[in-house]
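The file input27.txt comes next; it holds compact mmCIF, C-alpha atoms.
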# COMPACT_ATOMS: atom_id res chain seq x y z
CA LEU A 1 256.41 142.18 69.28
CA THR A 2 258.15 143.34 66.12
CA MET A 3 260.33 145.70 68.15
CA PHE A 4 262.04 142.88 70.02
CA SER A 5 262.05 140.26 67.25
CA LYS A 6 265.20 139.51 65.29
CA SER A 7 265.09 140.62 61.69
CA PRO A 8 267.53 139.53 59.01
CA ASN A 9 267.65 143.09 57.65
CA VAL A 10 268.94 144.51 60.89
CA SER A 11 272.70 144.97 60.84
CA HIS A 12 274.84 143.90 63.73
CA HIS A 13 276.46 146.77 65.67
CA GLN A 14 279.42 146.54 67.99
CA TYR A 15 279.53 148.75 71.06
CA GLN A 16 282.84 150.33 71.94
CA PRO A 17 283.62 152.23 75.15
CA LEU A 18 284.05 155.97 74.82
CA PRO A 19 287.55 157.30 75.53
CA GLN A 20 287.91 158.99 78.88
CA ARG A 21 290.55 161.45 77.61
CA ASP A 22 290.99 163.54 74.52
CA SER A 23 292.61 161.85 71.57
CA MET A 24 294.74 164.92 70.90
CA LYS A 25 297.92 165.21 72.90
CA SER A 26 297.92 168.10 75.33
CA SER A 27 300.58 170.77 75.06
CA PRO A 28 301.98 172.82 77.92
CA GLY A 29 301.09 176.17 76.35
CA LEU A 30 302.84 179.50 76.41
CA PHE A 31 302.96 180.36 80.13
CA VAL A 32 303.76 176.92 81.55
CA GLY A 33 307.08 175.11 81.49
CA SER A 34 307.16 171.70 79.83
CA GLU A 35 308.92 170.02 82.78
CA GLY A 36 306.42 171.27 85.31
CA PHE A 37 303.54 170.38 82.98
CA ASN A 38 304.74 166.81 82.51
CA ALA A 39 305.26 166.41 86.25
CA THR A 40 301.76 167.69 86.90
CA GLN A 41 300.24 165.37 84.28
CA ALA A 42 302.06 162.35 85.71
CA ASN A 43 300.94 163.10 89.26
CA TYR A 44 297.50 164.60 88.67
CA HIS A 45 295.87 162.21 91.13
CA LYS A 46 297.47 163.71 94.23
CA GLY A 47 294.92 165.14 96.62
CA HIS A 48 296.76 168.13 98.10
CA SER A 49 297.25 171.43 96.34
CA PHE A 50 300.66 171.95 97.95
CA ASP A 51 302.30 168.63 97.03
CA TYR A 52 304.24 169.91 94.04
CA ILE A 53 303.39 173.58 93.45
CA PRO A 54 305.24 174.53 95.53
CA LYS A 55 306.80 171.99 97.92
CA ILE A 56 305.74 173.73 101.11
CA THR A 57 306.26 170.60 103.19
CA GLU A 58 309.99 170.81 102.33
CA ASN A 59 310.14 174.62 102.78
CA ASP A 60 310.72 174.95 99.03
CA PHE A 61 308.58 177.74 97.60
CA THR A 62 309.97 177.50 94.05
CA ASP A 63 307.14 177.06 91.54
CA THR A 64 308.51 174.69 88.90
CA SER A 65 305.28 174.79 86.87
CA GLN A 66 305.79 178.45 85.94
CA GLY A 67 307.07 179.04 82.41
CA TRP A 68 309.88 181.40 81.56
CA LEU A 69 307.62 183.93 79.84
CA SER A 70 305.26 183.99 82.81
CA TRP A 71 308.20 184.47 85.15
CA ILE A 72 309.50 187.43 83.11
CA CYS A 73 306.05 189.07 83.06
CA ASN A 74 305.69 188.63 86.81
CA MET A 75 309.10 190.16 87.46
CA ILE A 76 308.28 193.18 85.27
CA VAL A 77 305.03 193.78 87.14
CA ILE A 78 306.73 193.38 90.53
CA VAL A 79 309.52 195.82 89.60
CA LEU A 80 307.00 198.40 88.37
CA VAL A 81 305.02 198.11 91.61
CA TYR A 82 308.22 198.49 93.63
CA ILE A 83 309.11 201.65 91.69
CA CYS A 84 305.64 203.15 92.14
CA THR A 85 305.69 202.31 95.84
CA PHE A 86 309.12 203.92 96.27
CA ILE A 87 308.11 207.10 94.42
CA THR A 88 304.93 207.55 96.47
CA PHE A 89 306.43 206.14 99.66
CA PRO A 90 305.40 208.89 102.10
CA ILE A 91 301.79 208.13 101.22
CA THR A 92 301.93 204.40 100.52
CA GLY A 93 304.01 203.78 103.64
CA TRP A 94 300.81 203.81 105.71
CA PHE A 95 299.41 200.97 103.62
CA VAL A 96 302.36 198.77 102.64
CA LEU A 97 304.12 198.51 106.02
CA LYS A 98 302.60 196.05 108.47
CA THR A 99 303.67 195.39 112.05
CA VAL A 100 303.70 191.68 112.90
CA PRO A 101 304.12 190.60 116.57
CA ASN A 102 306.13 187.57 117.64
CA TYR A 103 303.08 185.31 117.90
CA GLN A 104 301.84 186.01 114.36
CA ARG A 105 302.99 185.47 110.79
CA ILE A 106 301.77 186.89 107.48
CA VAL A 107 301.12 184.59 104.52
CA VAL A 108 301.41 186.50 101.24
CA PHE A 109 300.10 185.51 97.80
CA ARG A 110 301.96 187.59 95.20
CA LEU A 111 300.19 187.53 91.84
CA GLY A 112 298.38 184.43 93.04
CA ARG A 113 301.50 182.49 94.02
CA VAL A 114 302.30 181.75 97.65
CA CYS A 115 305.43 183.23 99.20
CA PRO A 116 307.38 182.30 102.35
CA PRO A 117 305.77 183.52 105.60
CA LYS A 118 306.81 186.96 106.80
CA GLY A 119 307.36 188.26 110.30
CA PRO A 120 307.84 189.13 113.03
CA GLY A 121 308.68 192.82 112.79
CA ILE A 122 308.00 195.33 110.02
CA VAL A 123 306.75 193.62 106.85
CA LEU A 124 306.41 195.15 103.38
CA VAL A 125 303.23 194.21 101.50
CA LEU A 126 303.01 195.47 97.92
CA PRO A 127 299.73 197.08 96.86
CA LEU A 128 297.49 195.64 94.14
CA ILE A 129 299.53 192.46 93.60
CA ASP A 130 299.77 191.09 97.16
CA GLN A 131 297.01 189.34 99.04
CA TRP A 132 297.92 188.62 102.64
CA GLN A 133 296.46 186.92 105.68
CA LYS A 134 297.57 186.93 109.32
CA VAL A 135 298.01 183.60 111.12
CA ASP A 136 298.10 183.36 114.92
CA LEU A 137 300.66 180.86 116.24
CA ARG A 138 299.49 180.90 119.86
CA THR A 139 297.90 177.90 121.52
CA ARG A 140 294.16 177.61 121.00
CA ALA A 141 291.61 175.39 122.66
CA PHE A 142 288.20 173.93 121.95
CA ASN A 143 286.03 171.27 123.51
CA ILE A 144 284.16 168.36 122.00
CA PRO A 145 280.69 168.19 123.56
CA PRO A 146 279.84 164.89 125.27
CA CYS A 147 278.78 162.36 122.68
CA GLN A 148 277.58 158.78 122.89
CA VAL A 149 280.30 156.21 122.19
CA THR A 150 279.49 152.53 121.70
CA THR A 151 282.35 150.51 123.15
CA ARG A 152 283.71 147.15 122.06
CA ASP A 153 281.86 145.26 124.82
CA GLY A 154 278.47 146.74 123.88
CA GLY A 155 278.34 149.55 126.43
CA VAL A 156 277.28 153.12 125.67
CA LEU A 157 279.28 155.86 127.38
CA SER A 158 279.04 159.65 127.22
CA VAL A 159 282.53 161.03 126.49
CA GLY A 160 283.81 164.50 125.59
CA ALA A 161 287.26 166.04 125.27
CA ASP A 162 289.17 169.29 125.81
CA ILE A 163 291.80 169.83 123.11
CA GLN A 164 294.65 172.34 122.87
CA PHE A 165 296.40 172.87 119.55
CA ARG A 166 298.70 175.31 117.78
CA ILE A 167 299.80 176.11 114.23
CA TRP A 168 303.39 175.18 113.41
CA ASN A 169 303.31 175.94 109.65
CA PRO A 170 301.29 179.07 108.79
CA VAL A 171 301.47 178.57 105.02
CA MET A 172 300.07 175.04 105.12
CA SER A 173 297.27 176.13 107.45
CA VAL A 174 296.12 178.63 104.82
CA VAL A 175 296.76 176.64 101.63
CA SER A 176 295.68 173.14 102.62
CA VAL A 177 292.33 173.68 104.34
CA GLN A 178 289.57 176.24 103.94
CA ASP A 179 288.11 176.36 107.47
CA LEU A 180 290.81 175.22 109.89
CA ASN A 181 288.75 175.39 113.09
CA ALA A 182 285.73 173.52 111.73
CA SER A 183 287.88 170.88 110.03
CA THR A 184 289.94 170.30 113.17
CA ARG A 185 286.84 170.00 115.35
CA LEU A 186 285.22 167.50 112.97
CA THR A 187 288.42 165.46 112.65
CA ALA A 188 288.89 165.32 116.41
CA HIS A 189 285.26 164.24 116.92
CA ASN A 190 285.59 161.42 114.37
CA ALA A 191 288.90 160.29 115.84
CA LEU A 192 287.37 160.27 119.34
CA THR A 193 284.44 158.04 118.40
CA HIS A 194 286.59 155.75 116.23
CA SER A 195 289.37 155.31 118.81
CA LEU A 196 287.16 154.77 121.85
CA GLY A 197 284.88 152.43 119.92
CA LYS A 198 287.70 149.87 119.97
CA LYS A 199 287.99 149.97 123.78
CA THR A 200 285.88 148.53 126.56
CA VAL A 201 284.06 150.58 129.18
CA ARG A 202 286.53 149.50 131.84
CA GLU A 203 289.52 150.52 129.70
CA ILE A 204 288.04 153.95 129.03
CA GLN A 205 287.32 154.56 132.71
CA THR A 206 290.67 153.37 134.04
CA GLU A 207 293.02 154.51 131.23
CA ARG A 208 291.67 157.99 130.60
CA VAL A 209 295.08 159.71 130.58
CA LYS A 210 296.69 157.09 128.35
CA LEU A 211 293.80 157.14 125.88
CA GLY A 212 294.01 160.93 125.73
CA GLU A 213 297.69 160.71 124.73
CA HIS A 214 296.95 158.13 122.04
CA LEU A 215 294.03 160.18 120.76
CA GLY A 216 296.31 163.22 120.45
CA MET A 217 298.77 161.20 118.33
CA ASP A 218 295.93 159.96 116.09
CA ILE A 219 294.67 163.49 115.54
CA ASN A 220 298.20 164.72 114.79
CA GLU A 221 298.61 162.12 112.05
CA MET A 222 295.53 163.50 110.28
CA THR A 223 296.09 167.22 110.88
CA ARG A 224 299.88 167.48 110.44
CA ALA A 225 299.36 168.03 106.70
CA TRP A 226 297.36 171.15 107.64
CA GLY A 227 300.27 172.70 109.54
CA LEU A 228 298.56 172.00 112.86
CA GLU A 229 299.78 170.15 115.95
CA VAL A 230 297.72 169.00 118.94
CA ASP A 231 299.51 169.62 122.24
CA ARG A 232 297.08 168.18 124.78
CA VAL A 233 293.92 166.07 124.84
CA GLU A 234 291.97 165.58 128.07
CA LEU A 235 289.01 163.21 128.02
CA THR A 236 285.94 164.13 130.07
CA LEU A 237 283.90 161.11 131.09
CA GLY A 238 280.16 161.45 131.48
CA SER A 239 277.55 158.97 132.61
CA LEU A 240 277.33 155.33 131.63
CA LEU A 241 274.20 155.23 129.47
CA LYS A 242 274.22 151.47 128.90
CA PRO A 243 276.28 148.87 130.81
CA PRO A 244 278.38 146.35 128.88
CA ASP A 245 276.76 143.15 127.68
CA ASP A 246 279.06 140.94 129.78
CA CYS A 247 279.45 142.78 133.09
CA PRO A 248 279.32 140.38 136.08
CA SER A 249 280.91 142.67 138.65
CA GLY A 250 280.47 146.14 137.20
CA PRO A 251 283.20 148.59 136.23
CA VAL A 252 285.29 150.60 138.60
CA ILE A 253 284.13 154.21 138.30
CA MET A 254 286.87 156.81 138.68
CA PRO A 255 285.49 160.36 138.58
CA PRO A 256 287.67 163.18 137.26
CA SER A 257 288.06 164.73 140.74
CA VAL A 258 289.83 161.78 142.40
CA PRO A 259 292.69 163.32 144.40
CA GLY A 260 296.10 161.83 143.75
CA LEU A 261 295.18 159.64 140.75
CA GLU A 262 294.29 162.14 138.05
CA GLY A 263 297.83 163.09 137.07
CA LEU A 264 299.35 159.61 137.15
CA ALA A 265 300.81 158.13 133.99
CA GLY A 266 299.18 155.23 132.20
CA PRO A 267 301.02 152.17 133.70
CA ILE A 268 301.06 153.60 137.25
CA GLN A 269 297.40 154.52 137.02
CA GLN A 270 296.50 151.04 135.77
CA LEU A 271 298.40 149.47 138.68
CA ALA A 272 296.64 151.71 141.21
CA MET A 273 293.23 150.98 139.72
CA HIS A 274 294.06 147.24 139.72
CA PHE A 275 294.51 147.24 143.51
CA LEU A 276 291.45 149.42 143.95
CA GLY A 277 289.42 146.99 141.87
CA GLN A 278 290.61 144.02 143.93
CA SER A 279 289.75 145.78 147.18
CA GLY A 280 286.30 146.58 145.83
CA LEU A 281 285.63 142.97 144.81
CA SER A 282 286.69 141.61 148.18
CA HIS A 283 283.56 143.12 149.83
CA PRO A 284 280.56 141.55 148.07
CA GLN A 285 278.05 143.08 150.48
CA ARG A 286 278.81 146.55 149.11
CA GLU A 287 277.96 148.01 145.74
CA ASP A 288 280.04 147.22 142.66
CA SER A 289 281.33 150.76 142.25
CA VAL A 290 284.04 152.28 144.39
CA THR A 291 283.26 155.58 146.10
CA TYR A 292 286.07 158.08 146.78
CA THR A 293 285.93 160.76 149.45
CA ASP A 294 288.37 163.65 149.57
CA GLU A 295 288.61 164.14 153.32
CA LEU A 296 291.25 166.85 153.09
CA SER A 297 289.25 169.05 150.76
CA SER A 298 286.02 168.53 152.73
CA ALA A 299 287.75 169.40 155.97
CA SER A 300 289.31 172.53 154.52
CA GLN A 301 285.94 173.63 153.14
CA ALA A 302 284.42 173.21 156.58
CA VAL A 303 287.08 175.33 158.29
CA VAL A 304 287.95 177.98 155.71
CA ALA A 305 285.13 180.32 154.73
CA MET A 306 285.39 181.21 151.06
CA PRO A 307 284.77 184.85 150.03
CA GLY A 308 281.20 185.73 149.15
CA SER A 309 281.92 188.79 146.97
CA VAL A 310 284.59 190.05 144.62
CA GLU A 311 285.79 192.62 147.18
CA GLU A 312 286.25 189.92 149.84
CA LEU A 313 288.05 187.77 147.29
CA LEU A 314 290.36 190.66 146.45
CA GLY A 315 291.17 191.12 150.13
CA ALA A 316 291.99 187.43 150.48
CA VAL A 317 294.26 187.59 147.44
CA LYS A 318 296.19 190.53 148.90
CA LEU A 319 297.05 188.44 151.96
CA LEU A 320 298.59 185.73 149.76
CA LEU A 321 300.89 187.96 147.71
CA SER A 322 304.56 187.05 148.07
CA GLU A 323 307.80 186.96 146.14
CA ASN A 324 307.55 183.18 145.85
CA LEU A 325 304.17 183.48 144.12
CA VAL A 326 305.55 186.16 141.80
CA SER A 327 308.44 183.88 140.80
CA GLN A 328 306.01 181.03 140.02
CA VAL A 329 303.53 183.07 137.95
CA GLY A 330 305.44 186.08 136.60
CA ALA A 331 302.49 187.72 134.83
CA CYS A 332 300.04 190.60 135.23
CA PHE A 333 296.30 189.87 135.00
CA GLN A 334 293.47 192.32 134.27
CA PHE A 335 289.90 191.26 135.17
CA HIS A 336 286.77 192.74 133.57
CA ILE A 337 283.94 191.56 135.82
CA SER A 338 280.24 191.94 135.00
CA SER A 339 277.51 191.55 137.61
CA GLU A 340 273.90 190.44 137.27
CA ASP A 341 272.57 194.01 137.49
CA GLY A 342 274.61 195.03 134.43
CA GLN A 343 277.48 196.80 136.19
CA HIS A 344 281.06 196.35 135.03
CA GLN A 345 284.11 196.57 137.28
CA SER A 346 287.82 196.23 136.59
CA TYR A 347 290.37 194.59 138.89
CA TYR A 348 293.99 193.59 138.53
CA VAL A 349 296.43 191.12 140.04
CA ASP A 350 300.05 191.99 139.28
CA LEU A 351 302.35 189.00 139.87
CA SER A 352 305.18 190.16 137.63
CA GLN A 353 307.44 192.15 139.97
CA GLY A 354 308.28 192.62 143.63
CA SER A 355 305.90 190.99 146.07
CA GLY A 356 302.91 191.46 143.78
CA ALA A 357 299.96 193.82 143.93
CA ALA A 358 296.18 193.61 143.62
CA GLY A 359 293.38 196.13 143.60
CA ALA A 360 290.52 197.74 141.72
CA GLY A 361 291.02 199.56 138.43
CA SER A 362 293.92 199.08 136.02
CA PRO A 363 297.54 198.13 136.80
CA CYS A 364 300.47 200.50 136.35
CA GLN A 365 301.75 198.50 133.37
CA ASP A 366 300.11 196.82 130.41
CA PRO A 367 298.60 193.49 131.50
CA ASP A 368 299.84 190.27 129.96
CA VAL A 369 296.38 188.71 129.94
CA ILE A 370 292.89 190.26 130.08
CA LEU A 371 290.15 188.03 131.52
CA SER A 372 286.45 188.83 131.05
CA MET A 373 283.80 186.94 133.02
CA SER A 374 280.90 187.34 135.44
CA ASP A 375 281.31 187.76 139.19
CA SER A 376 279.60 184.43 139.93
CA ASN A 377 281.96 182.54 137.61
CA LEU A 378 284.95 184.35 139.14
CA LEU A 379 283.97 183.26 142.65
CA ALA A 380 283.30 179.71 141.44
CA MET A 381 286.72 179.59 139.78
CA PHE A 382 288.59 180.73 142.91
CA GLU A 383 286.52 178.40 145.11
CA GLY A 384 287.58 175.44 142.98
CA ARG A 385 284.12 174.64 141.62
CA LEU A 386 285.11 175.83 138.14
CA ARG A 387 288.52 175.24 136.58
CA PRO A 388 289.97 178.05 134.42
CA PHE A 389 290.43 175.82 131.38
CA ALA A 390 286.88 174.46 131.66
CA ALA A 391 285.54 178.02 131.96
CA TYR A 392 287.47 179.02 128.85
CA THR A 393 286.31 176.09 126.72
CA SER A 394 282.67 176.56 127.79
CA GLY A 395 282.68 180.25 126.87
CA ARG A 396 282.21 181.60 130.39
CA LEU A 397 285.75 183.01 130.39
CA LYS A 398 287.10 185.18 127.58
CA VAL A 399 290.87 185.53 127.34
CA GLN A 400 292.82 188.20 125.51
CA GLY A 401 296.48 187.21 125.40
CA ASP A 402 298.48 184.03 125.77
CA LEU A 403 296.36 181.10 126.95
CA ARG A 404 299.27 179.39 128.72
CA THR A 405 299.93 182.56 130.70
CA ALA A 406 296.26 182.71 131.67
CA MET A 407 296.40 179.11 132.91
CA LYS A 408 299.12 180.14 135.39
CA LEU A 409 296.33 181.68 137.43
CA GLU A 410 295.73 178.18 138.83
CA GLU A 411 298.78 178.67 141.09
CA LEU A 412 296.99 181.51 142.86
CA ILE A 413 293.77 179.49 143.04
CA LYS A 414 295.57 176.51 144.61
CA LEU A 415 297.21 178.79 147.16
CA LEU A 416 293.89 180.42 148.01
CA ARG A 417 292.19 177.06 148.64
CA LYS A 418 294.86 175.85 151.08
Would you mind writing the structure in this file as structure tokens?
Amino acid sequence: LTMFSKSPNVSHHQYQPLPQRDSMKSSPGLFVGSEGFNATQANYHKGHSFDYIPKITENDFTDTSQGWLSWICNMIVIVLVYICTFITFPITGWFVLKTVPNYQRIVVFRLGRVCPPKGPGIVLVLPLIDQWQKVDLRTRAFNIPPCQVTTRDGGVLSVGADIQFRIWNPVMSVVSVQDLNASTRLTAHNALTHSLGKKTVREIQTERVKLGEHLGMDINEMTRAWGLEVDRVELTLGSLLKPPDDCPSGPVIMPPSVPGLEGLAGPIQQLAMHFLGQSGLSHPQREDSVTYTDELSSASQAVVAMPGSVEELLGAVKLLLSENLVSQVGACFQFHISSEDGQHQSYYVDLSQGSGAAGAGSPCQDPDVILSMSDSNLLAMFEGRLRPFAAYTSGRLKVQGDLRTAMKLEELIKLLRK
């Protein structure tokens, strides 16, 4: 009781908040310029490491925070390394000269400070003081596995996405984010669930192409600061796990394989689905969903016998070779096919010159794209049961080369299915 009782001998104390900063004024120091230090102190709250030092977003690689003494020391070290490299050039030439192709750039950190990207061609990288990293500028792709999305009207829908992206600023892709692929995948997944959560089940099913375009713009707004740009987003609709709360007539289901409606733009597709929905509601004795039947494809499958082996497929491809097909594709493909018994075979389809050529083994010239897959997946891809892009995103098709060139193989697949 005496601990909590008031005593006249106890003095009154006033509590004061502790200062959050040092009372002494900070000084820039010896190796830092006063102007750059003051600018950094005034804008310390910025979240990106490339906002001011340097201004990479404006293609300005001048480091204003570097003091004059630090700049002189750096120049002395760089000149000494240049002299040593020149004296021992016959030996150091194997280590300091790098060949950079057109689809790559090299990001160099010289004495810890980022430099403008280098390439393509022959690039000089100084030993000991340069740290460098290659950045691929070609189009990449990944898929978001189907996830459950709760829509605005209370429905639960399984939705995934296939996303193609490329790097437009190699320096920002290295400086601004540690793991570009993982960060992009996580950002795209969050944008997918957040964007589709504001839509109804009917809007998602009937406006798939339009929602994919809007989702790509949303992802670009978040990833542009990383030097990354999303080129294409294609939504893949799964099953309806839970119908909407207020669903008197049921949604119109449009599967991805509807012929003639998949490539339509947003307003035209909405108009087409509006008439389809009215025609479905005018027959109450039928089910609520609309069923589509591709009579042309079913008839062609009944008449044309698809090849049952890789050799038969190769023979069918040889019959389709023409100058028109070569002008449409203009690329040479090399196939590395593995069978179930562990055997590996190589085939080629040369659609880069003349009337084209196809056969077993390797082509006469270096292929533009090398495709590695199993024989069953190859037959499924040429039969139309497996699309090349879906095979690539699922890991069943491995591509070495330009992805857009590999996707030109669909022209040959379409011609084979006719």
Original post:
Which one is closest to A:Val107: A:Phe95, A:Phe86, A:Trp132, A:Trp168? Count all atoms listed in the file.
Top reply: A:Trp132
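Separating atom CA of A:Asp245 from atom CA of A:Pro146 is a distance of 22.1 Å.
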Subject >> Residues near stretch 73-75 of chain A, cut-off 12 Å, all atoms listed in the file, skip fewer than 4 positions along chain, as a PyMOL selection string >> reply: chain A and resi 31+66-69+79-82+110-113+129
**OP:** Take atom CA of A:Leu325 and atom CA of A:Ser376 and report the distance between them in Å, one decimal.
**Re:**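 Going from atom CA of A:Leu325 over to atom CA of A:Ser376 covers 24.9 Å.
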**OP:** Would you mind listing what lies within 10 Å of A:Pro101 as a ChimeraX atom specification, with only C-alpha atoms counted and same-chain residues fewer than 2 positions away left out?
**Re:** /A:98-99,103-105,119-122,136
**OP:** In Å, rounded to a single decimal, give me how far atom CA of A:Phe142 is from atom CA of A:Leu351.
**Re:** 27.4 Å
